[in-house]
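Engineer: Sending over entry.txt (compact mmCIF, C-alpha atoms).
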```txt
# COMPACT_ATOMS: atom_id res chain seq x y z
CA MET A 30 25.77 77.40 103.28
CA SER A 31 26.38 73.76 104.12
CA GLU A 32 29.41 71.81 102.96
CA ASP A 33 29.07 70.43 99.46
CA GLN A 34 28.27 66.78 99.08
CA PRO A 35 30.34 64.96 96.42
CA ASP A 36 27.08 63.66 94.97
CA ASP A 37 25.83 67.17 94.33
CA ARG A 38 29.07 68.11 92.63
CA ARG A 39 28.89 65.03 90.43
CA ARG A 40 25.31 65.83 89.49
CA ILE A 41 26.21 69.39 88.53
CA VAL A 42 29.08 68.13 86.36
CA ARG A 43 26.84 65.52 84.72
CA ASP A 44 24.02 67.98 83.99
CA SER A 45 26.47 70.55 82.68
CA LEU A 46 28.14 68.03 80.38
CA GLY A 47 24.72 67.05 79.05
CA VAL A 48 23.94 70.65 78.17
CA GLY A 49 27.47 71.05 76.78
CA ILE A 50 27.16 68.09 74.45
CA ALA A 51 23.66 69.00 73.29
CA THR A 52 24.68 72.60 72.58
CA GLY A 53 28.18 72.00 71.26
CA THR A 54 27.10 69.58 68.58
CA TYR A 55 24.83 72.12 66.95
CA GLY A 56 27.97 73.96 65.98
CA VAL A 57 27.66 71.69 62.94
CA SER A 58 24.59 73.65 61.83
CA PHE A 59 26.42 76.95 62.32
CA GLY A 60 29.37 75.68 60.27
CA ALA A 61 27.15 74.53 57.42
CA VAL A 62 24.99 77.67 57.44
CA SER A 63 28.03 79.97 57.59
CA VAL A 64 29.79 78.56 54.51
CA GLY A 65 26.36 78.53 52.84
CA SER A 66 26.20 82.28 53.54
CA GLY A 67 29.44 82.86 51.66
CA LEU A 68 32.08 82.83 54.42
CA ASP A 69 35.04 80.51 53.95
CA VAL A 70 36.01 77.73 56.37
CA LEU A 71 38.66 79.82 58.13
CA GLN A 72 36.31 82.78 58.67
CA THR A 73 33.63 80.41 59.95
CA CYS A 74 36.02 78.83 62.47
CA ALA A 75 37.32 82.26 63.50
CA LEU A 76 33.78 83.30 64.42
CA SER A 77 33.28 80.25 66.65
CA LEU A 78 36.71 80.61 68.28
CA LEU A 79 36.75 84.37 68.81
CA MET A 80 33.12 85.48 68.99
CA PHE A 81 31.81 82.33 70.71
CA THR A 82 28.20 83.32 71.22
CA GLY A 83 25.84 81.39 68.98
CA ALA A 84 23.02 83.85 68.31
CA SER A 85 25.47 86.63 67.37
CA GLN A 86 27.35 84.28 65.06
CA PHE A 87 24.15 83.16 63.31
CA ALA A 88 23.05 86.80 63.06
CA MET A 89 26.32 87.89 61.49
CA VAL A 90 26.23 85.23 58.77
CA GLY A 91 22.48 85.68 58.33
CA VAL A 92 22.87 89.38 57.51
CA LEU A 93 25.72 88.56 55.10
CA ALA A 94 23.60 85.85 53.45
CA SER A 95 20.79 88.32 52.79
CA GLY A 96 23.29 90.59 51.02
CA GLY A 97 24.01 92.96 53.92
CA ALA A 98 27.29 94.80 54.38
CA PRO A 99 29.79 93.07 56.72
CA PHE A 100 29.47 95.90 59.23
CA SER A 101 25.66 95.67 59.35
CA GLY A 102 26.28 92.05 60.26
CA ALA A 103 28.81 93.06 62.90
CA LEU A 104 26.42 95.61 64.42
CA THR A 105 23.60 93.07 64.60
CA ALA A 106 25.96 90.57 66.24
CA LEU A 107 26.97 93.18 68.82
CA LEU A 108 23.37 94.12 69.63
CA LEU A 109 22.54 90.46 70.24
CA GLY A 110 25.72 90.16 72.31
CA THR A 111 24.43 92.75 74.80
CA ARG A 112 22.46 90.06 76.60
CA ASN A 113 25.75 88.47 77.68
CA THR A 114 26.49 91.73 79.51
CA LEU A 115 23.32 91.21 81.53
CA TYR A 116 24.27 87.63 82.31
CA GLY A 117 27.64 88.91 83.50
CA LEU A 118 25.99 91.43 85.81
CA ARG A 119 24.01 88.65 87.46
CA LEU A 120 26.91 86.20 87.66
CA ALA A 121 29.73 88.52 88.78
CA PRO A 122 28.93 88.46 92.52
CA LEU A 123 28.21 84.72 92.39
CA LEU A 124 31.38 83.62 90.59
CA GLY A 125 33.58 86.17 92.35
CA TRP A 126 36.50 86.00 89.92
CA THR A 127 38.93 88.90 89.49
CA GLY A 128 41.99 89.70 87.39
CA ARG A 129 43.16 87.14 84.85
CA ARG A 130 40.54 84.58 85.85
CA ARG A 131 37.81 87.08 85.10
CA LEU A 132 39.38 87.85 81.70
CA ALA A 133 39.33 84.13 80.86
CA ALA A 134 35.87 83.48 82.29
CA ALA A 135 34.37 86.31 80.22
CA HIS A 136 34.99 84.38 77.00
CA LEU A 137 32.86 81.48 78.29
CA LEU A 138 29.96 83.73 79.32
CA ILE A 139 27.03 82.57 77.16
CA ASP A 140 23.37 81.54 77.52
CA GLU A 141 24.07 77.98 78.62
CA SER A 142 26.96 78.57 81.03
CA THR A 143 24.79 81.23 82.70
CA ALA A 144 21.77 78.95 82.90
CA MET A 145 23.84 76.18 84.50
CA SER A 146 25.40 78.41 87.16
CA VAL A 147 23.01 81.24 88.03
CA THR A 148 20.71 79.06 90.16
CA ARG A 149 23.47 77.50 92.34
CA GLU A 150 23.54 78.31 96.02
CA THR A 151 27.29 78.26 96.63
CA ARG A 152 30.18 79.88 94.80
CA GLU A 153 31.86 76.48 94.32
CA ASP A 154 28.74 74.99 92.72
CA ALA A 155 28.27 78.02 90.49
CA ARG A 156 31.89 77.85 89.32
CA THR A 157 31.60 74.11 88.67
CA GLY A 158 28.47 74.57 86.56
CA PHE A 159 29.90 77.57 84.73
CA LEU A 160 33.26 76.00 83.86
CA THR A 161 31.99 72.52 82.99
CA THR A 162 29.29 73.91 80.71
CA GLY A 163 31.40 76.69 79.21
CA LEU A 164 34.49 74.59 78.49
CA SER A 165 32.63 71.57 77.10
CA ILE A 166 30.60 73.80 74.78
CA PHE A 167 33.71 75.71 73.72
CA LEU A 168 35.52 72.51 72.72
CA LEU A 169 32.58 70.85 70.96
CA TRP A 170 31.19 74.02 69.37
CA ASN A 171 34.51 74.72 67.67
CA LEU A 172 35.07 71.10 66.66
CA PHE A 173 31.59 70.78 65.16
CA THR A 174 31.80 74.18 63.48
CA LEU A 175 34.80 72.86 61.56
CA VAL A 176 32.95 69.64 60.68
CA GLY A 177 29.90 71.58 59.45
CA ALA A 178 31.97 74.10 57.49
CA VAL A 179 34.01 71.42 55.72
CA ALA A 180 30.90 69.35 54.98
CA GLY A 181 29.02 72.46 53.85
CA THR A 182 31.84 73.38 51.47
CA ALA A 183 31.94 69.86 50.06
CA ILE A 184 28.23 69.62 49.21
CA GLY A 185 27.95 72.66 46.92
CA ASP A 186 24.93 75.00 46.66
CA PRO A 187 23.37 75.17 50.13
CA ARG A 188 19.92 75.93 48.70
CA THR A 189 19.74 72.42 47.25
CA TYR A 190 19.80 71.11 50.80
CA GLY A 191 17.47 73.75 52.21
CA LEU A 192 20.22 75.24 54.37
CA ASP A 193 18.91 78.74 53.62
CA ALA A 194 15.64 77.74 55.31
CA ALA A 195 17.58 76.22 58.20
CA VAL A 196 18.90 79.64 59.25
CA GLY A 197 15.39 80.93 59.87
CA ALA A 198 14.58 77.77 61.82
CA ALA A 199 17.73 78.19 63.94
CA PHE A 200 16.75 81.78 64.83
CA LEU A 201 13.20 80.73 65.64
CA ALA A 202 14.45 77.89 67.87
CA LEU A 203 16.72 80.33 69.74
CA LEU A 204 13.79 82.74 70.15
CA TRP A 205 11.15 80.11 71.02
CA PRO A 206 11.61 79.82 74.83
CA ARG A 207 11.15 83.58 75.20
CA LEU A 208 7.87 83.65 73.30
CA ARG A 209 5.97 82.10 76.19
CA GLU A 210 5.74 85.59 77.69
CA ARG A 211 2.97 87.46 75.93
CA ARG A 212 4.86 90.76 75.99
CA ASN A 213 7.77 89.11 74.16
CA LEU A 214 5.45 87.51 71.62
CA LEU A 215 3.89 90.88 70.80
CA VAL A 216 7.26 92.62 70.52
CA GLY A 217 8.56 89.77 68.34
CA LEU A 218 5.62 89.92 65.94
CA LEU A 219 5.81 93.70 65.75
CA ALA A 220 9.57 93.59 65.11
CA ALA A 221 9.14 91.00 62.35
CA ALA A 222 6.39 93.06 60.69
CA VAL A 223 8.39 96.30 60.89
CA ALA A 224 11.51 94.59 59.51
CA LEU A 225 9.57 93.20 56.53
CA GLY A 226 7.89 96.58 56.03
CA VAL A 227 11.18 98.41 55.54
CA VAL A 228 12.85 95.71 53.39
CA PRO A 229 11.81 97.20 50.04
CA VAL A 230 13.04 100.69 50.94
CA THR A 231 16.30 100.13 52.88
CA ALA A 232 19.71 98.57 52.28
CA ALA A 233 20.24 94.95 53.28
CA GLY A 234 21.10 94.59 56.95
CA VAL A 235 19.19 97.71 57.97
CA PRO A 236 15.78 96.04 58.53
CA VAL A 237 17.20 93.88 61.35
CA LEU A 238 18.55 96.96 63.08
CA VAL A 239 15.16 98.68 62.68
CA ALA A 240 13.66 95.60 64.35
CA GLY A 241 16.07 96.18 67.25
CA GLY A 242 14.67 99.71 67.46
CA VAL A 243 11.25 98.21 68.17
CA ALA A 244 12.72 96.73 71.37
CA LEU A 245 14.07 100.10 72.39
CA LEU A 246 10.71 101.83 71.83
CA ALA A 247 8.72 99.07 73.50
CA GLY A 248 11.07 99.06 76.48
CA LEU A 249 10.77 102.82 76.90
CA LEU A 250 7.02 103.05 76.33
CA LEU A 251 5.69 99.95 78.06
CA HIS A 252 4.28 100.73 81.44
CA PRO A 253 6.21 98.90 84.16
CA LYS A 254 2.93 97.38 85.37
CA ALA A 255 2.64 95.61 82.02
CA ASP A 256 5.60 93.50 83.09
CA ARG A 257 4.93 90.02 84.34
CA MET B 22 36.31 93.78 54.72
CA THR B 23 34.60 90.62 55.92
CA TRP B 24 37.64 89.71 58.03
CA LEU B 25 37.74 93.15 59.62
CA ALA B 26 34.02 92.96 60.44
CA ILE B 27 34.53 89.50 61.97
CA LEU B 28 37.41 90.67 64.16
CA VAL B 29 35.67 93.89 65.25
CA ALA B 30 32.45 92.06 66.08
CA ALA B 31 34.30 89.30 67.94
CA ALA B 32 36.30 91.81 69.99
CA GLY B 33 33.11 93.76 70.70
CA CYS B 34 31.22 90.64 71.81
CA TYR B 35 34.08 89.74 74.17
CA LEU B 36 34.14 93.23 75.68
CA LEU B 37 30.35 93.08 76.19
CA LYS B 38 30.81 89.85 78.15
CA LEU B 39 33.70 91.28 80.17
CA ALA B 40 31.78 94.48 80.89
CA GLY B 41 29.00 92.45 82.50
CA LEU B 42 31.42 90.71 84.82
CA SER B 43 33.14 94.01 85.68
CA VAL B 44 30.38 96.62 86.00
CA PRO B 45 28.64 97.21 89.35
CA PRO B 46 25.21 95.51 89.23
CA ARG B 47 23.45 98.78 90.12
CA VAL B 48 23.25 99.64 86.40
CA LEU B 49 20.74 96.87 85.82
CA GLU B 50 18.54 98.01 88.67
CA ARG B 51 17.11 100.76 86.49
CA PRO B 52 13.90 99.12 85.21
CA VAL B 53 14.04 100.79 81.79
CA VAL B 54 17.54 99.43 81.15
CA ALA B 55 16.52 95.96 82.25
CA ARG B 56 13.39 96.00 80.07
CA VAL B 57 15.10 97.21 76.91
CA ALA B 58 17.96 94.77 77.41
CA ASP B 59 15.46 91.96 77.83
CA LEU B 60 13.54 92.85 74.68
CA ILE B 61 16.46 93.46 72.30
CA PRO B 62 17.26 89.77 71.65
CA VAL B 63 13.55 89.04 71.13
CA ALA B 64 13.10 91.81 68.55
CA LEU B 65 16.38 91.09 66.73
CA LEU B 66 15.76 87.35 66.46
CA ALA B 67 12.17 87.88 65.30
CA GLY B 68 13.39 90.39 62.70
CA LEU B 69 16.07 87.94 61.55
CA VAL B 70 13.55 85.11 61.16
CA ALA B 71 11.31 87.32 59.03
CA ILE B 72 14.15 88.61 56.81
CA GLN B 73 15.68 85.18 56.42
CA VAL B 74 12.46 83.46 55.41
CA PHE B 75 10.29 86.01 53.60
CA THR B 76 12.70 88.11 51.54
CA ARG B 77 14.96 87.73 48.55
CA GLY B 78 17.10 90.82 48.05
CA PRO B 79 14.74 93.80 48.27
CA ASP B 80 11.62 91.70 47.47
CA LEU B 81 9.12 90.07 49.80
CA VAL B 82 8.55 86.47 48.70
CA LEU B 83 6.62 83.38 49.79
CA ASP B 84 8.46 80.21 48.78
CA ALA B 85 9.67 76.84 50.08
CA ARG B 86 11.35 78.57 53.03
CA ALA B 87 8.00 79.79 54.37
CA ALA B 88 6.47 76.31 54.16
CA ALA B 89 9.56 74.87 55.86
CA LEU B 90 9.28 77.45 58.65
CA ALA B 91 5.72 76.26 59.31
CA LEU B 92 7.20 72.80 59.86
CA ALA B 93 9.77 74.34 62.22
CA VAL B 94 6.91 75.81 64.30
CA VAL B 95 5.25 72.38 64.50
CA LEU B 96 8.55 70.75 65.53
CA LEU B 97 9.09 73.41 68.20
CA LEU B 98 5.55 72.91 69.52
CA LEU B 99 6.38 69.19 69.77
CA ARG B 100 9.51 70.15 71.75
CA ALA B 101 11.86 68.62 69.18
CA PRO B 102 15.59 69.13 69.89
CA PHE B 103 17.42 72.05 68.23
CA LEU B 104 19.23 69.87 65.68
CA VAL B 105 16.00 68.15 64.62
CA VAL B 106 14.31 71.54 64.11
CA VAL B 107 17.21 72.97 62.09
CA PHE B 108 17.91 70.00 59.85
CA GLY B 109 14.24 68.92 59.63
CA THR B 110 13.45 72.39 58.27
CA ALA B 111 16.33 72.18 55.81
CA ALA B 112 15.17 68.77 54.58
CA ALA B 113 11.60 70.04 54.16
CA ALA B 114 12.73 73.01 52.06
CA ALA B 115 15.00 70.79 49.95
CA LEU B 116 12.18 68.29 49.32
CA LEU B 117 9.70 71.04 48.39
CA ARG B 118 12.16 72.38 45.83
CA LEU B 119 12.46 68.93 44.26
CA LEU B 120 8.68 68.75 43.69
```
For this file, write the structure as structure tokens.

Structural biologist:
Amino acid sequence: MSEDQPDDRRRIVRDSLGVGIATGTYGVSFGAVSVGSGLDVLQTCALSLLMFTGASQFAMVGVLASGGAPFSGALTALLLGTRNTLYGLRLAPLLGWTGRRRLAAAHLLIDESTAMSVTRETREDARTGFLTTGLSIFLLWNLFTLVGAVAGTAIGDPRTYGLDAAVGAAFLALLWPRLRERRNLLVGLLAAAVALGVVPVTAAGVPVLVAGGVALLAGLLLHPKADR
Amino acid sequence: MTWLAILVAAAGCYLLKLAGLSVPPRVLERPVVARVADLIPVALLAGLVAIQVFTRGPDLVLDARAAALALAVVLLLLRAPFLVVVFGTAAAAALLRLL
């Protein structure tokens, strides 16, 4: 690999900060939705600080909002969190961190920090993209979670402001880029239908896990040639 | 109970991240593992959208949330930013309930 040009480095930092700001600020919607789901401000902020992976956080409060048991919410959050494991597998050889640095880097391993580092050609560039994106999102996501939670608490019943509908929109927006693949679209529609089908006969929180089972079955049964 | 679930889930999510950075990449080379892992977020998110929008307790319902979700689809097709989609949908549901 050639020596890095300062211009390239600056561009990576600028792009990463852009993604960081765009992503971090939507912590405000998580904060508002979370207190609307019945969590208090401290619990909401704890999720952003300690869990720090948006889809899992939304899933956890979403299951609680629909009346699910806290541990159904936790299980759903964990299942969604498995994709970060896959990101880690791809990034590990590229970032090349070990020991304490790896322990710290793991907390910042999310969709966006992966996207901004996985395509880099050198280890230095990958680390720059990963750290700039991860740290800027971590700071802003937590700050805006607090803002959203406090504002959400102050405004009263979230349904008046349509925040219950906003959760569904947030999930759909997170899912949207993956629906361009036809296989994903089919699995998504099937999972939604199966989840709704079992709603009347199962406890709250279970339908989402049943939907996860659709992925397992589809993954096992789909012929490899159906990929791509 | 809620606190315990939060802490357990947060610890679990961290360990899942750390596992990825620590496990030899050969695990992912099994196509079945890669396929299932790829599809799980899709199925879970789709299930969550459906539950969030079309149910109330154990009942299936069609209300302002469903109409607002249709707006969310339009906004996403127009490539609107995340915040616009989320709060635009909220505003639509709130307005429909006022009518």

Engineer: Could you check which of B:Val105, B:Ala112, B:Leu119, B:Leu81 is closest to Tyr55 (chain A), using only C-alpha atoms?

Structural biologist: B:Val105

Engineer: Nearest to Thr174 (chain A): which of A:Gly53, A:Pro122, A:Gly60, A:Gly96 is it, counting only C-alpha atoms?

Structural biologist: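 Nearest candidate to Thr174 (chain A) out of A:Gly53, A:Pro122, A:Gly60, A:Gly96: A:Gly60.
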
Engineer: Ranking A:Ala222, A:Val228, A:Val62, A:Leu78 by minimum distance to Ala194 (chain A) and counting all atoms listed in the file, which one comes first?

Structural biologist: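 The closest residue to Ala194 (chain A) is A:Val62.
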
Engineer: A:Val227, A:Leu160, A:Leu168, A:Val179: which is nearest chain B, counting only C-alpha atoms?

Structural biologist: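 Between A:Val227, A:Leu160, A:Leu168, A:Val179, the residue approaching chain B most closely is A:Val227.
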
Engineer: With a distance threshold of 6 Å and counting all atoms listed in the file, extract the residues of chain B near chain A and express them as an NGL selection string.

Structural biologist: :B and (23 or 26 or 30-31 or 34 or 37-39 or 41-42 or 46 or 56-57 or 60-68 or 70-71 or 73-74 or 79 or 86 or 93 or 107 or 110-112 or 114-115)

Engineer: Record the distance separating CA of Ala178 (chain A) and CA of Val95 (chain B), expressed in Å with one decimal.

Structural biologist: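 About the pair CA of Ala178 (chain A) and CA of Val95 (chain B): they are 27.7 Å apart.
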
Engineer: Taking 4 positions as the minimum chain separation for residues in the same chain, which residues sit within 7 Å of Ala87 (chain B) when counting all atoms listed in the file? Answer as a PyMOL selection string.

Structural biologist: chain B and resi 74-75+83+91

Engineer: For Asp44 (chain A), find every residue with an atom within 12 Å (counting all atoms listed in the file), except residues of its own chain fewer than 3 positions away, and show them as a list of chain:residue names.

Structural biologist: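 Neighbouring residues, sequence-local ones excluded: A:Asp37, A:Arg38, A:Arg39, A:Arg40, A:Ile41, A:Gly47, A:Val48, A:Gly49, A:Ile50, A:Ala51, A:Glu141, A:Ser142, A:Ala144, A:Met145, A:Ser146, A:Thr157, A:Gly158, A:Phe159, A:Thr161, A:Thr162, A:Ser165.
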
Engineer: In Å to one decimal, how far is CA of Asp59 (chain B) from CA of Gly33 (chain B)?

Structural biologist: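 Distance reported for this atom pair: 19.1 Å.
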
Engineer: Quick one: pull the distance between CA of Gly65 (chain A) and CA of Leu117 (chain B), Å, one decimal.

Structural biologist: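 So the answer is 18.8 Å.
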
Engineer: Which residue, B:Ala58, B:Leu69, B:Ala113, B:Val53, has the smallest gap to Asp84 (chain B) when you use all atoms listed in the file?

Structural biologist: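 Residue with the minimum atom-to-atom distance to Asp84 (chain B): B:Ala113.
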
Engineer: Counting all atoms listed in the file, which of A:Arg130, A:Val176, A:Cys74, A:Arg211 gets nearest to Arg156 (chain A)?

Structural biologist: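 Once distances to Arg156 (chain A) are computed over all atoms listed in the file, the minimum belongs to A:Arg130.
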